[in-house]
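Next up, upload-v5.cif (mmCIF, C-alpha atoms):
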data_run
#
loop_
_atom_site.label_atom_id
_atom_site.label_comp_id
_atom_site.auth_asym_id
_atom_site.auth_seq_id
_atom_site.Cartn_x
_atom_site.Cartn_y
_atom_site.Cartn_z
CA MET A 970 264.30 125.34 43.88
CA ARG A 971 261.10 125.54 41.85
CA LEU A 972 258.42 128.19 42.32
CA THR A 973 254.99 128.01 40.70
CA ILE A 974 253.07 131.27 40.37
CA LEU A 975 249.31 130.86 39.97
CA GLY A 976 247.90 133.95 38.33
CA GLY A 977 251.19 134.04 36.44
CA GLY A 978 249.81 136.46 33.86
CA GLY A 979 249.01 138.96 36.59
CA PHE A 980 250.28 142.52 36.52
CA ARG A 981 252.37 142.24 39.70
CA VAL A 982 254.30 139.10 38.72
CA PRO A 983 257.32 141.16 37.52
CA LEU A 984 257.71 142.44 41.10
CA VAL A 985 258.19 138.85 42.26
CA TYR A 986 260.63 138.09 39.45
CA ARG A 987 262.59 141.25 40.23
CA ALA A 988 263.04 140.04 43.81
CA LEU A 989 264.16 136.64 42.54
CA LEU A 990 266.71 138.27 40.22
CA ASP A 991 268.12 140.23 43.16
CA ASP A 992 268.57 137.05 45.21
CA VAL A 993 272.03 135.66 44.36
CA ARG A 994 272.40 133.50 47.47
CA ASP A 995 272.85 129.74 47.41
CA GLY A 996 269.61 127.80 47.30
CA ARG A 997 267.75 130.51 45.41
CA VAL A 998 264.80 129.86 43.10
CA THR A 999 266.16 128.54 39.80
CA ASP A 1000 262.92 127.66 37.99
CA VAL A 1001 259.71 129.66 37.77
CA VAL A 1002 256.51 128.19 36.32
CA LEU A 1003 253.78 130.66 35.44
CA HIS A 1004 250.20 129.41 35.35
CA ASP A 1005 247.20 131.38 34.16
CA VAL A 1006 243.90 130.66 32.44
CA ASP A 1007 244.63 133.50 29.96
CA ALA A 1008 247.40 132.59 27.50
CA GLY A 1009 247.56 136.15 26.16
CA ARG A 1010 248.31 137.61 29.58
CA LEU A 1011 250.93 134.92 30.15
CA ALA A 1012 252.67 135.90 26.90
CA ALA A 1013 252.69 139.58 27.85
CA ILE A 1014 254.20 138.95 31.28
CA ARG A 1015 256.80 136.57 29.84
CA ARG A 1016 257.98 139.41 27.59
CA VAL A 1017 258.39 141.68 30.62
CA LEU A 1018 260.30 139.00 32.56
CA ALA A 1019 262.59 138.31 29.62
CA GLU A 1020 263.56 141.98 29.49
CA GLN A 1021 264.09 142.05 33.26
CA ALA A 1022 266.51 139.12 32.95
CA GLU A 1023 268.65 140.71 30.25
CA GLY A 1024 272.23 141.05 31.44
CA VAL A 1025 271.59 139.10 34.65
CA ALA A 1026 273.89 136.12 35.24
CA ALA A 1027 272.00 132.82 35.53
CA PRO A 1028 268.48 134.25 35.97
CA PRO A 1029 265.71 131.85 37.04
CA GLY A 1030 264.32 130.00 34.06
CA VAL A 1031 260.72 130.78 33.17
CA THR A 1032 258.12 128.47 31.64
CA ALA A 1033 254.39 129.02 31.26
CA THR A 1034 251.32 126.81 31.07
CA THR A 1035 247.54 126.97 31.24
CA ASP A 1036 247.43 123.44 32.74
CA LEU A 1037 247.13 123.61 36.53
CA ASP A 1038 248.31 120.04 37.17
CA GLU A 1039 251.39 120.57 35.02
CA ALA A 1040 252.16 123.78 36.91
CA VAL A 1041 252.00 122.36 40.44
CA ARG A 1042 253.19 118.79 40.01
CA GLY A 1043 256.38 118.29 42.05
CA THR A 1044 256.95 121.98 42.79
CA ASN A 1045 258.57 123.27 45.99
CA PHE A 1046 256.52 126.44 46.50
CA VAL A 1047 253.24 127.70 45.08
CA PHE A 1048 252.61 131.42 45.05
CA SER A 1049 248.86 131.94 44.60
CA ALA A 1050 247.76 135.32 43.29
CA ILE A 1051 244.63 134.59 41.26
CA ARG A 1052 241.76 136.97 40.48
CA VAL A 1053 238.52 135.15 39.72
CA GLY A 1054 236.38 137.35 37.51
CA GLY A 1055 239.32 139.58 36.64
CA MET A 1056 239.53 143.30 37.27
CA ALA A 1057 236.12 143.70 35.62
CA GLY A 1058 234.68 141.68 38.51
CA ARG A 1059 236.24 144.02 41.05
CA ALA A 1060 234.92 147.07 39.22
CA ALA A 1061 231.41 145.59 39.24
CA ASP A 1062 231.60 144.75 42.96
CA GLU A 1063 232.53 148.34 43.78
CA ARG A 1064 229.97 149.94 41.47
CA LEU A 1065 227.02 147.82 42.61
CA ALA A 1066 227.80 148.45 46.29
CA LEU A 1067 228.19 152.22 45.84
CA GLU A 1068 224.86 152.31 44.00
CA GLU A 1069 223.35 150.99 47.25
CA GLY A 1070 225.23 153.56 49.32
CA VAL A 1071 227.69 151.11 50.91
CA LEU A 1072 231.37 150.36 50.39
CA GLY A 1073 232.35 147.74 47.83
CA GLN A 1074 236.14 147.70 48.16
CA GLU A 1075 237.53 144.33 47.02
CA THR A 1076 238.42 143.07 50.51
CA VAL A 1077 236.20 145.22 52.74
CA GLY A 1078 232.42 145.12 53.05
CA ALA A 1079 230.00 143.66 50.52
CA GLY A 1080 232.53 143.79 47.68
CA GLY A 1081 234.96 141.70 49.68
CA VAL A 1082 232.27 139.09 50.34
CA SER A 1083 231.35 138.95 46.66
CA TYR A 1084 234.99 138.56 45.67
CA ALA A 1085 235.48 135.80 48.25
CA LEU A 1086 232.35 133.96 47.10
CA ARG A 1087 233.77 133.91 43.54
CA THR A 1088 237.25 132.95 44.67
CA LEU A 1089 236.84 130.31 47.38
CA PRO A 1090 235.58 127.47 45.14
CA VAL A 1091 238.57 127.98 42.84
CA ALA A 1092 241.05 128.39 45.71
CA THR A 1093 239.89 125.22 47.45
CA GLY A 1094 240.11 123.35 44.15
CA ILE A 1095 243.71 124.52 43.84
CA ALA A 1096 244.41 123.41 47.41
CA ARG A 1097 243.13 119.91 46.62
CA ARG A 1098 245.32 119.62 43.51
CA VAL A 1099 248.41 120.83 45.38
CA ALA A 1100 247.74 118.34 48.18
CA ALA A 1101 247.45 115.55 45.62
CA LEU A 1102 250.31 116.46 43.25
CA ALA A 1103 252.83 118.28 45.45
CA PRO A 1104 252.10 117.21 49.03
CA GLU A 1105 255.45 118.54 50.29
CA ALA A 1106 254.96 121.97 48.70
CA TRP A 1107 254.24 125.12 50.66
CA VAL A 1108 251.54 127.48 49.39
CA VAL A 1109 252.10 131.21 49.84
CA ASN A 1110 248.73 132.88 49.38
CA PHE A 1111 248.37 136.49 48.26
CA THR A 1112 244.95 136.00 46.69
CA ASN A 1113 242.48 138.45 48.22
CA PRO A 1114 240.66 138.52 50.54
CA ALA A 1115 243.84 136.92 51.87
CA GLY A 1116 242.65 135.92 55.33
CA VAL A 1117 239.46 134.09 54.37
CA VAL A 1118 241.08 132.50 51.29
CA THR A 1119 243.97 131.22 53.42
CA GLU A 1120 241.54 129.82 55.99
CA ALA A 1121 239.53 127.98 53.32
CA MET A 1122 242.69 126.52 51.76
CA ALA A 1123 243.99 125.47 55.19
CA ALA A 1124 241.10 123.01 55.46
CA HIS A 1125 242.91 120.99 52.75
CA LEU A 1126 246.55 121.98 53.27
CA GLY A 1127 246.78 122.53 57.02
CA ASP A 1128 249.67 124.74 58.08
CA ARG A 1129 251.37 124.35 54.69
CA VAL A 1130 249.41 127.36 53.39
CA ILE A 1131 250.46 130.77 54.69
CA GLY A 1132 248.87 134.06 53.74
CA ILE A 1133 250.87 137.22 53.13
CA CYS A 1134 250.03 140.90 52.71
CA ASP A 1135 252.19 143.94 52.11
CA THR A 1136 250.03 146.32 54.15
CA PRO A 1137 251.45 145.52 57.64
CA VAL A 1138 255.06 145.58 56.45
CA GLY A 1139 254.41 148.92 54.76
CA LEU A 1140 252.93 150.33 57.99
CA VAL A 1141 255.89 149.12 60.07
CA ARG A 1142 258.35 150.54 57.53
CA ARG A 1143 256.70 153.97 57.46
CA VAL A 1144 256.42 154.13 61.25
CA ALA A 1145 260.11 153.27 61.63
CA TRP A 1146 261.03 156.03 59.16
CA ALA A 1147 258.88 158.52 61.08
CA LEU A 1148 260.69 157.57 64.28
CA GLY A 1149 264.14 157.76 62.69
CA LEU A 1150 264.68 154.03 63.17
CA ASP A 1151 265.93 151.32 60.85
CA PRO A 1152 262.91 149.17 59.84
CA ALA A 1153 265.14 146.09 59.87
CA GLU A 1154 266.05 146.68 63.52
CA VAL A 1155 262.61 147.17 65.07
CA ARG A 1156 260.38 144.62 66.80
CA PHE A 1157 256.64 145.17 66.66
CA ASP A 1158 253.38 144.14 68.28
CA TYR A 1159 250.72 143.84 65.60
CA ALA A 1160 247.51 141.82 65.68
CA GLY A 1161 244.14 141.36 63.98
CA LEU A 1162 242.84 139.93 60.73
CA ASN A 1163 243.98 140.66 57.20
CA HIS A 1164 243.13 144.30 56.40
CA LEU A 1165 241.84 144.65 59.97
CA GLY A 1166 244.87 144.96 62.24
CA TRP A 1167 246.49 147.36 64.67
CA LEU A 1168 250.15 148.18 65.40
CA ARG A 1169 250.34 148.49 69.18
CA ALA A 1170 254.08 148.80 69.91
CA VAL A 1171 257.38 149.44 68.12
CA TYR A 1172 260.42 148.24 70.06
CA ALA A 1173 264.02 149.26 69.50
CA GLY A 1174 266.76 149.12 72.12
CA GLY A 1175 264.32 147.56 74.55
CA VAL A 1176 262.03 150.64 74.45
CA ASP A 1177 258.54 150.99 72.97
CA HIS A 1178 258.77 154.07 70.73
CA LEU A 1179 255.08 154.24 69.79
CA PRO A 1180 254.14 156.62 72.66
CA ARG A 1181 256.86 159.00 71.44
CA LEU A 1182 255.37 158.91 67.94
CA LEU A 1183 251.80 159.47 69.14
CA ALA A 1184 252.93 162.51 71.12
CA ASP A 1185 254.60 164.12 68.09
CA PRO A 1186 252.09 165.72 65.66
CA GLU A 1187 254.82 166.57 63.16
CA ALA A 1188 256.08 162.97 63.06
CA LEU A 1189 252.53 161.64 62.71
CA ALA A 1190 251.91 163.96 59.79
CA SER A 1191 255.04 162.69 58.04
CA PHE A 1192 253.57 159.35 56.91
CA GLU A 1193 250.42 158.16 55.22
CA GLU A 1194 248.53 156.47 58.06
CA GLY A 1195 249.21 159.42 60.36
CA ARG A 1196 247.61 161.79 57.86
CA LEU A 1197 244.86 159.34 56.95
CA PHE A 1198 243.52 158.88 60.49
CA GLY A 1199 244.62 162.16 62.09
CA ALA A 1200 246.73 162.69 65.18
CA ASP A 1201 243.78 163.23 67.53
CA TRP A 1202 242.08 159.95 66.60
CA LEU A 1203 245.33 157.99 66.77
CA ARG A 1204 246.03 159.35 70.25
CA THR A 1205 242.47 158.44 71.23
CA LEU A 1206 243.02 154.87 70.07
CA GLY A 1207 246.55 154.70 71.44
CA THR A 1208 247.49 152.53 68.47
CA LEU A 1209 248.13 152.72 64.72
CA PRO A 1210 245.45 151.04 62.58
CA ASN A 1211 246.04 149.27 59.30
CA GLU A 1212 245.10 151.67 56.49
CA TYR A 1213 242.02 149.59 55.58
CA LEU A 1214 240.45 150.52 58.90
CA HIS A 1215 239.84 153.93 57.38
CA HIS A 1216 236.75 152.32 55.82
CA TYR A 1217 235.44 151.48 59.31
CA TYR A 1218 236.39 154.69 61.15
CA TYR A 1219 235.43 157.10 58.33
CA THR A 1220 232.67 155.16 56.60
CA ARG A 1221 230.50 158.10 55.50
CA GLU A 1222 233.49 159.97 54.13
CA ALA A 1223 234.75 156.87 52.30
CA VAL A 1224 231.35 156.22 50.70
CA ALA A 1225 231.01 159.88 49.71
CA ALA A 1226 234.50 159.89 48.18
CA GLY A 1227 233.75 156.69 46.26
CA ARG A 1228 230.48 158.03 44.88
CA ALA A 1229 232.08 161.34 43.96
CA SER A 1230 234.95 159.71 42.06
CA GLU A 1231 234.76 159.64 38.30
CA ARG A 1232 235.50 155.92 38.47
CA THR A 1233 236.23 153.41 41.22
CA ARG A 1234 239.67 151.98 41.92
CA GLY A 1235 238.70 148.77 40.15
CA ALA A 1236 237.51 150.63 37.07
CA LEU A 1237 240.72 152.66 36.99
CA LEU A 1238 242.89 149.54 37.23
CA LEU A 1239 240.77 147.75 34.64
CA ASN A 1240 241.40 150.55 32.15
CA GLN A 1241 245.09 150.72 33.06
CA GLN A 1242 245.65 147.00 32.69
CA GLU A 1243 243.75 146.77 29.41
CA ARG A 1244 246.09 149.43 28.04
CA PHE A 1245 249.16 147.63 29.39
CA TYR A 1246 248.32 144.17 28.04
CA SER A 1247 247.44 145.65 24.66
CA ALA A 1248 250.66 147.68 24.47
CA ALA A 1249 252.86 144.85 25.82
CA GLY A 1250 252.23 142.88 22.65
CA GLY A 1251 253.56 145.67 20.45
CA ALA A 1252 256.98 146.29 18.99
CA GLY A 1253 258.36 148.40 21.83
CA SER A 1254 259.68 147.53 25.26
CA ALA A 1255 257.15 145.56 27.31
CA LEU A 1256 259.18 146.31 30.45
CA ALA A 1257 259.01 150.07 29.86
CA VAL A 1258 255.25 149.89 29.33
CA TRP A 1259 254.86 147.83 32.49
CA GLU A 1260 257.02 150.19 34.57
CA GLU A 1261 255.00 153.20 33.43
CA ALA A 1262 251.75 151.46 34.37
CA ARG A 1263 253.21 150.30 37.70
CA LEU A 1264 254.18 153.83 38.72
CA GLU A 1265 250.71 155.10 37.85
CA ARG A 1266 249.21 152.27 39.91
CA GLU A 1267 251.40 153.07 42.93
CA ARG A 1268 250.76 156.83 42.77
CA THR A 1269 246.99 156.34 42.73
CA TYR A 1270 246.87 153.61 45.41
CA GLY A 1271 244.45 154.59 48.20
CA ALA A 1272 243.50 157.78 46.35
CA GLU A 1273 239.84 157.70 47.46
CA SER A 1274 240.74 157.37 51.15
CA ARG A 1275 243.35 160.12 50.88
CA ALA A 1276 240.84 162.35 49.12
CA ALA A 1277 238.27 161.74 51.86
CA THR A 1278 240.65 162.98 54.56
CA GLY A 1279 242.99 165.32 52.68
CA ALA A 1280 245.93 163.00 53.38
CA GLY A 1281 247.85 164.21 50.33
CA PRO A 1282 250.04 162.22 47.91
CA ARG A 1283 251.92 159.02 48.72
CA ASP A 1284 255.48 159.10 50.03
CA SER A 1285 257.91 158.71 47.14
CA ARG A 1286 259.63 155.91 49.07
CA ASP A 1287 256.45 153.83 48.75
CA LEU A 1288 256.45 153.99 44.97
CA ASP A 1289 259.06 151.31 44.29
CA GLY A 1290 256.41 148.60 44.68
CA GLY A 1291 258.51 146.72 47.22
CA GLY A 1292 256.29 144.86 49.65
CA TYR A 1293 254.60 141.51 49.36
CA GLU A 1294 257.23 140.05 47.03
CA ARG A 1295 259.93 140.70 49.63
CA VAL A 1296 257.80 139.10 52.32
CA ALA A 1297 257.22 136.11 50.04
CA LEU A 1298 260.93 135.70 49.30
CA ALA A 1299 261.88 135.97 52.99
CA LEU A 1300 259.19 133.44 53.87
CA MET A 1301 260.29 130.95 51.22
CA ARG A 1302 263.96 131.20 52.16
CA ALA A 1303 263.20 130.82 55.86
CA ILE A 1304 261.31 127.59 55.19
CA ALA A 1305 263.61 126.19 52.51
CA HIS A 1306 266.91 126.96 54.25
CA ASP A 1307 265.92 127.43 57.91
CA GLU A 1308 266.89 131.14 57.66
CA ARG A 1309 264.91 132.08 60.73
CA THR A 1310 263.07 135.36 60.63
CA THR A 1311 260.00 137.16 62.00
CA LEU A 1312 257.24 138.24 59.63
CA ILE A 1313 253.63 139.41 59.94
CA LEU A 1314 251.64 136.61 58.30
CA ASN A 1315 248.17 135.11 58.01
CA VAL A 1316 248.22 131.79 59.86
CA ARG A 1317 246.01 129.63 62.05
CA ASN A 1318 245.43 131.27 65.40
CA ARG A 1319 246.58 128.42 67.67
CA GLY A 1320 245.52 130.38 70.77
CA THR A 1321 247.34 133.61 69.88
CA LEU A 1322 244.16 135.68 70.03
CA GLY A 1323 242.03 134.28 72.83
CA ILE A 1324 238.81 135.66 71.33
CA LEU A 1325 239.02 133.24 68.36
CA ASP A 1326 239.30 129.47 67.99
CA GLY A 1327 242.53 127.74 67.05
CA ASP A 1328 241.71 127.24 63.35
CA ALA A 1329 240.74 130.86 62.69
CA VAL A 1330 243.31 132.51 60.43
CA VAL A 1331 244.69 135.70 61.99
CA GLU A 1332 247.34 138.24 60.97
CA VAL A 1333 250.10 138.35 63.59
CA PRO A 1334 253.91 138.32 63.89
CA CYS A 1335 255.28 134.83 63.33
CA ALA A 1336 258.62 133.13 63.83
CA VAL A 1337 259.44 131.32 60.59
CA ASP A 1338 261.83 128.42 60.21
CA ALA A 1339 262.12 125.14 58.30
CA ALA A 1340 258.99 123.84 60.07
CA GLY A 1341 256.85 126.75 58.88
CA ALA A 1342 255.32 129.81 60.52
CA HIS A 1343 254.64 129.88 64.26
CA PRO A 1344 252.46 132.70 65.65
CA LEU A 1345 254.14 134.64 68.43
CA PRO A 1346 252.36 135.71 71.63
CA VAL A 1347 250.65 139.11 71.42
CA ASP A 1348 248.84 141.24 73.95
CA PRO A 1349 245.02 140.91 74.01
CA LEU A 1350 243.17 143.20 71.67
CA PRO A 1351 241.29 146.12 73.27
CA GLU A 1352 237.53 145.69 73.33
CA HIS A 1353 236.86 148.02 70.39
CA ALA A 1354 239.24 146.02 68.19
CA ALA A 1355 238.12 142.64 69.52
CA GLY A 1356 234.52 143.44 68.62
CA LEU A 1357 235.43 144.25 65.03
CA VAL A 1358 237.63 141.18 64.70
CA CYS A 1359 234.91 138.84 65.99
CA GLY A 1360 232.28 140.42 63.77
CA VAL A 1361 234.37 140.21 60.61
CA LYS A 1362 235.50 136.64 61.42
CA ALA A 1363 231.82 135.66 61.64
CA VAL A 1364 231.36 137.15 58.17
CA GLU A 1365 234.36 135.13 56.89
CA ARG A 1366 233.00 131.92 58.38
CA ALA A 1367 229.57 132.48 56.77
CA THR A 1368 231.31 133.15 53.44
CA ILE A 1369 233.25 129.89 53.68
CA GLU A 1370 230.03 128.02 54.53
CA ALA A 1371 228.31 129.52 51.50
CA ALA A 1372 231.19 128.58 49.21
CA ASP A 1373 231.39 125.04 50.63
CA THR A 1374 227.67 124.30 50.55
CA GLY A 1375 226.26 126.61 47.87
CA SER A 1376 223.95 128.11 50.49
CA ARG A 1377 222.39 131.38 49.38
CA ALA A 1378 221.21 131.92 52.96
CA ALA A 1379 224.80 131.76 54.24
CA ALA A 1380 225.90 134.18 51.52
CA LEU A 1381 223.16 136.62 52.56
CA GLN A 1382 224.21 136.27 56.18
CA ALA A 1383 227.81 137.07 55.25
CA ILE A 1384 226.86 140.32 53.53
CA ALA A 1385 224.14 141.38 55.98
CA LEU A 1386 226.28 140.82 59.09
CA HIS A 1387 229.24 142.80 57.81
CA PRO A 1388 229.79 145.91 59.98
CA LEU A 1389 229.83 148.10 56.83
CA VAL A 1390 226.42 146.93 55.54
CA ASP A 1391 223.66 148.71 57.40
CA SER A 1392 220.53 146.90 56.22
CA VAL A 1393 219.40 143.34 55.56
CA THR A 1394 217.27 144.72 52.73
CA VAL A 1395 220.32 146.29 51.12
CA ALA A 1396 222.27 143.06 51.63
CA ARG A 1397 219.55 141.04 49.91
CA ARG A 1398 219.45 143.42 46.92
CA LEU A 1399 223.24 143.38 46.68
CA LEU A 1400 223.44 139.59 46.77
CA ASP A 1401 220.82 139.37 44.01
CA ALA A 1402 222.75 141.92 41.94
CA TYR A 1403 226.06 140.12 42.44
CA ILE A 1404 224.55 136.77 41.43
CA ARG A 1405 222.99 138.33 38.32
CA HIS A 1406 226.27 139.98 37.33
CA HIS A 1407 228.83 137.28 38.13
CA PRO A 1408 228.40 133.89 36.41
CA GLN A 1409 230.83 132.44 38.99
CA LEU A 1410 228.10 132.85 41.65
CA ALA A 1411 225.52 130.70 39.87
CA TYR A 1412 226.26 127.92 42.38
CA LEU A 1413 224.44 129.80 45.15
CA SER A 1414 220.91 128.52 45.60
#
Since I need it in another form, could you write the structure as structure tokens?
Amino acid sequence: MRLTILGGGGFRVPLVYRALLDDVRDGRVTDVVLHDVDAGRLAAIRRVLAEQAEGVAAPPGVTATTDLDEAVRGTNFVFSAIRVGGMAGRAADERLALEEGVLGQETVGAGGVSYALRTLPVATGIARRVAALAPEAWVVNFTNPAGVVTEAMAAHLGDRVIGICDTPVGLVRRVAWALGLDPAEVRFDYAGLNHLGWLRAVYAGGVDHLPRLLADPEALASFEEGRLFGADWLRTLGTLPNEYLHHYYYTREAVAAGRASERTRGALLLNQQERFYSAAGGAGSALAVWEEARLERERTYGAESRAATGAGPRDSRDLDGGGYERVALALMRAIAHDERTTLILNVRNRGTLGILDGDAVVEVPCAVDAAGAHPLPVDPLPEHAAGLVCGVKAVERATIEAADTGSRAAALQAIALHPLVDSVTVARRLLDAYIRHHPQLAYLS
């Protein structure tokens, strides 16, 4: 089985390859093709993968190319994890938004819109090439903002593109640990959009254990989301929000923490990755350099939100980096070998959430088999959640319109209507600043 990784020079690619090395079952991935526009980054990651494969019997073969058509032609699966504008683009999105007093996180608020506006033209171009050169291939999208990118690609690939994210699986895993349950044995009710979802029930033995968790302050304080949102607010909601909802529920604190930080998350990662790619070309172990950088990345993940609420350090069990690559592997095996499973994925709604139309991409539990991912029924969202979901989906739709048509007016609408942007005037200044800074946005007129 052949897997093509777009963004193959990306920092997190070794996590995917590690999961592939651990998979010794029949029908596993035997060939990996890395594609990236940066040959230097490809070379650095190939060094890391080569060291990972040392001593492993029959590891997947690895080739690399900067030619997109060569990478996707005839492949079985495409894993898309591109970053248009690089980490420098993310750092600029965050900085420019914070200068205006609003959040600029790469998937939330104005920064997420800017990132999507840069990414969607490239992502839809990829979708067209996959449809033409590998029409039987499945695309697994991890490119952020994952929900809107998946929806834009679905216009060309239909249900053969599926978005994944490690945030819901991490939440479910931590909640199961806090309840003393095996994460592999629980069933869950989760619904929303990517980076805008709520865990509403955790079933084991036919019983919903979430009420027991919400009634136990000590258990709530034992995991990150419990500390991040606070027991009182979680009991008020009666649900467990995705960690990204911290930006919506604690907006002033999040903005203050971002402005008080010496550098934004994007700037920190930019510096970290520049050091890694420089060192990976040296005489020492590229794998050791990568592992050191990975641990630093994991330890500092969500640092601004934790600082804003005093949530403390991350759980050591979350530092192994295991998340989206395991979801991707389970998804690919379920489709390729009909190994049926249930995963939280970004797929077309198909009536699952009655507040949205059938083509809207939502993040919900799905049954996965050889025919793809099928959204499972979920309870209706409460009004407070439904309002946010509808508002953010409108922003996503305006962003897609802007990317498809080059409409500056649609791009302004996308930023101005976001719940985390409090002024049309600010939105207009931000859009102007983003267009000036990012050459990829020159198409907006």
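Put simply, the PyMOL selection byres ((chain A and resi 1019) around 12) on this file hits Pro983, Tyr986, Arg987, Leu990, Ala1012, Ala1013, Ile1014, Arg1015, Arg1016, Val1017, Leu1018, Glu1020, Gln1021, Ala1022, Glu1023, Gly1024, Val1025, Pro1028, Pro1029, Gly1030, Val1031, Thr1032, Ser1254, Ala1255 and Leu1256 of chain A.
Across the structure, CA of Val1337 (chain A) and CA of Ile1304 (chain A) are spaced 6.8 Å apart.
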Applied to the shown file, which residues does the PyMOL selection byres ((chain A and resi 1386) around 10) return, written as an mmCIF file with C-alpha atoms, in the frame of the given file?
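New file selection.cif:
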data_model
loop_
_atom_site.group_PDB
_atom_site.id
_atom_site.type_symbol
_atom_site.label_atom_id
_atom_site.label_comp_id
_atom_site.auth_asym_id
_atom_site.auth_seq_id
_atom_site.Cartn_x
_atom_site.Cartn_y
_atom_site.Cartn_z
ATOM 1 C CA GLY A 1078 232.420 145.120 53.050
ATOM 2 C CA ALA A 1079 230.000 143.660 50.520
ATOM 3 C CA GLY A 1360 232.280 140.420 63.770
ATOM 4 C CA VAL A 1361 234.370 140.210 60.610
ATOM 5 C CA ALA A 1363 231.820 135.660 61.640
ATOM 6 C CA VAL A 1364 231.360 137.150 58.170
ATOM 7 C CA ALA A 1367 229.570 132.480 56.770
ATOM 8 C CA LEU A 1381 223.160 136.620 52.560
ATOM 9 C CA GLN A 1382 224.210 136.270 56.180
ATOM 10 C CA ALA A 1383 227.810 137.070 55.250
ATOM 11 C CA ILE A 1384 226.860 140.320 53.530
ATOM 12 C CA ALA A 1385 224.140 141.380 55.980
ATOM 13 C CA HIS A 1387 229.240 142.800 57.810
ATOM 14 C CA PRO A 1388 229.790 145.910 59.980
ATOM 15 C CA LEU A 1389 229.830 148.100 56.830
ATOM 16 C CA VAL A 1390 226.420 146.930 55.540
ATOM 17 C CA ASP A 1391 223.660 148.710 57.400
ATOM 18 C CA SER A 1392 220.530 146.900 56.220
ATOM 19 C CA VAL A 1393 219.400 143.340 55.560
ATOM 20 C CA ALA A 1396 222.270 143.060 51.630
#
Please evaluate the PyMOL selection byres ((chain A and resi 1312-1320) around 9) against the displayed coordinates and give the resulting residues as a ChimeraX atom specification. /A:1110,1115-1116,1119-1120,1123,1127-1128,1130-1134,1137-1138,1159-1160,1162-1163,1296,1299-1300,1310-1311,1321-1337,1342-1344,1346
Those same residues, written as a PDB file, in the frame of the given file with C-alpha atoms?
ATOM      1  CA  ASN A1110     248.730 132.880  49.380  1.00  0.00           C
ATOM      2  CA  ALA A1115     243.840 136.920  51.870  1.00  0.00           C
ATOM      3  CA  GLY A1116     242.650 135.920  55.330  1.00  0.00           C
ATOM      4  CA  THR A1119     243.970 131.220  53.420  1.00  0.00           C
ATOM      5  CA  GLU A1120     241.540 129.820  55.990  1.00  0.00           C
ATOM      6  CA  ALA A1123     243.990 125.470  55.190  1.00  0.00           C
ATOM      7  CA  GLY A1127     246.780 122.530  57.020  1.00  0.00           C
ATOM      8  CA  ASP A1128     249.670 124.740  58.080  1.00  0.00           C
ATOM      9  CA  VAL A1130     249.410 127.360  53.390  1.00  0.00           C
ATOM     10  CA  ILE A1131     250.460 130.770  54.690  1.00  0.00           C
ATOM     11  CA  GLY A1132     248.870 134.060  53.740  1.00  0.00           C
ATOM     12  CA  ILE A1133     250.870 137.220  53.130  1.00  0.00           C
ATOM     13  CA  CYS A1134     250.030 140.900  52.710  1.00  0.00           C
ATOM     14  CA  PRO A1137     251.450 145.520  57.640  1.00  0.00           C
ATOM     15  CA  VAL A1138     255.060 145.580  56.450  1.00  0.00           C
ATOM     16  CA  TYR A1159     250.720 143.840  65.600  1.00  0.00           C
ATOM     17  CA  ALA A1160     247.510 141.820  65.680  1.00  0.00           C
ATOM     18  CA  LEU A1162     242.840 139.930  60.730  1.00  0.00           C
ATOM     19  CA  ASN A1163     243.980 140.660  57.200  1.00  0.00           C
ATOM     20  CA  VAL A1296     257.800 139.100  52.320  1.00  0.00           C
ATOM     21  CA  ALA A1299     261.880 135.970  52.990  1.00  0.00           C
ATOM     22  CA  LEU A1300     259.190 133.440  53.870  1.00  0.00           C
ATOM     23  CA  THR A1310     263.070 135.360  60.630  1.00  0.00           C
ATOM     24  CA  THR A1311     260.000 137.160  62.000  1.00  0.00           C
ATOM     25  CA  THR A1321     247.340 133.610  69.880  1.00  0.00           C
ATOM     26  CA  LEU A1322     244.160 135.680  70.030  1.00  0.00           C
ATOM     27  CA  GLY A1323     242.030 134.280  72.830  1.00  0.00           C
ATOM     28  CA  ILE A1324     238.810 135.660  71.330  1.00  0.00           C
ATOM     29  CA  LEU A1325     239.020 133.240  68.360  1.00  0.00           C
ATOM     30  CA  ASP A1326     239.300 129.470  67.990  1.00  0.00           C
ATOM     31  CA  GLY A1327     242.530 127.740  67.050  1.00  0.00           C
ATOM     32  CA  ASP A1328     241.710 127.240  63.350  1.00  0.00           C
ATOM     33  CA  ALA A1329     240.740 130.860  62.690  1.00  0.00           C
ATOM     34  CA  VAL A1330     243.310 132.510  60.430  1.00  0.00           C
ATOM     35  CA  VAL A1331     244.690 135.700  61.990  1.00  0.00           C
ATOM     36  CA  GLU A1332     247.340 138.240  60.970  1.00  0.00           C
ATOM     37  CA  VAL A1333     250.100 138.350  63.590  1.00  0.00           C
ATOM     38  CA  PRO A1334     253.910 138.320  63.890  1.00  0.00           C
ATOM     39  CA  CYS A1335     255.280 134.830  63.330  1.00  0.00           C
ATOM     40  CA  ALA A1336     258.620 133.130  63.830  1.00  0.00           C
ATOM     41  CA  VAL A1337     259.440 131.320  60.590  1.00  0.00           C
ATOM     42  CA  ALA A1342     255.320 129.810  60.520  1.00  0.00           C
ATOM     43  CA  HIS A1343     254.640 129.880  64.260  1.00  0.00           C
ATOM     44  CA  PRO A1344     252.460 132.700  65.650  1.00  0.00           C
ATOM     45  CA  PRO A1346     252.360 135.710  71.630  1.00  0.00           C
TER      46      PRO A1346
END
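Picture a line from CA of Arg971 (chain A) to CA of Asp1000 (chain A); it runs 4.8 Å.
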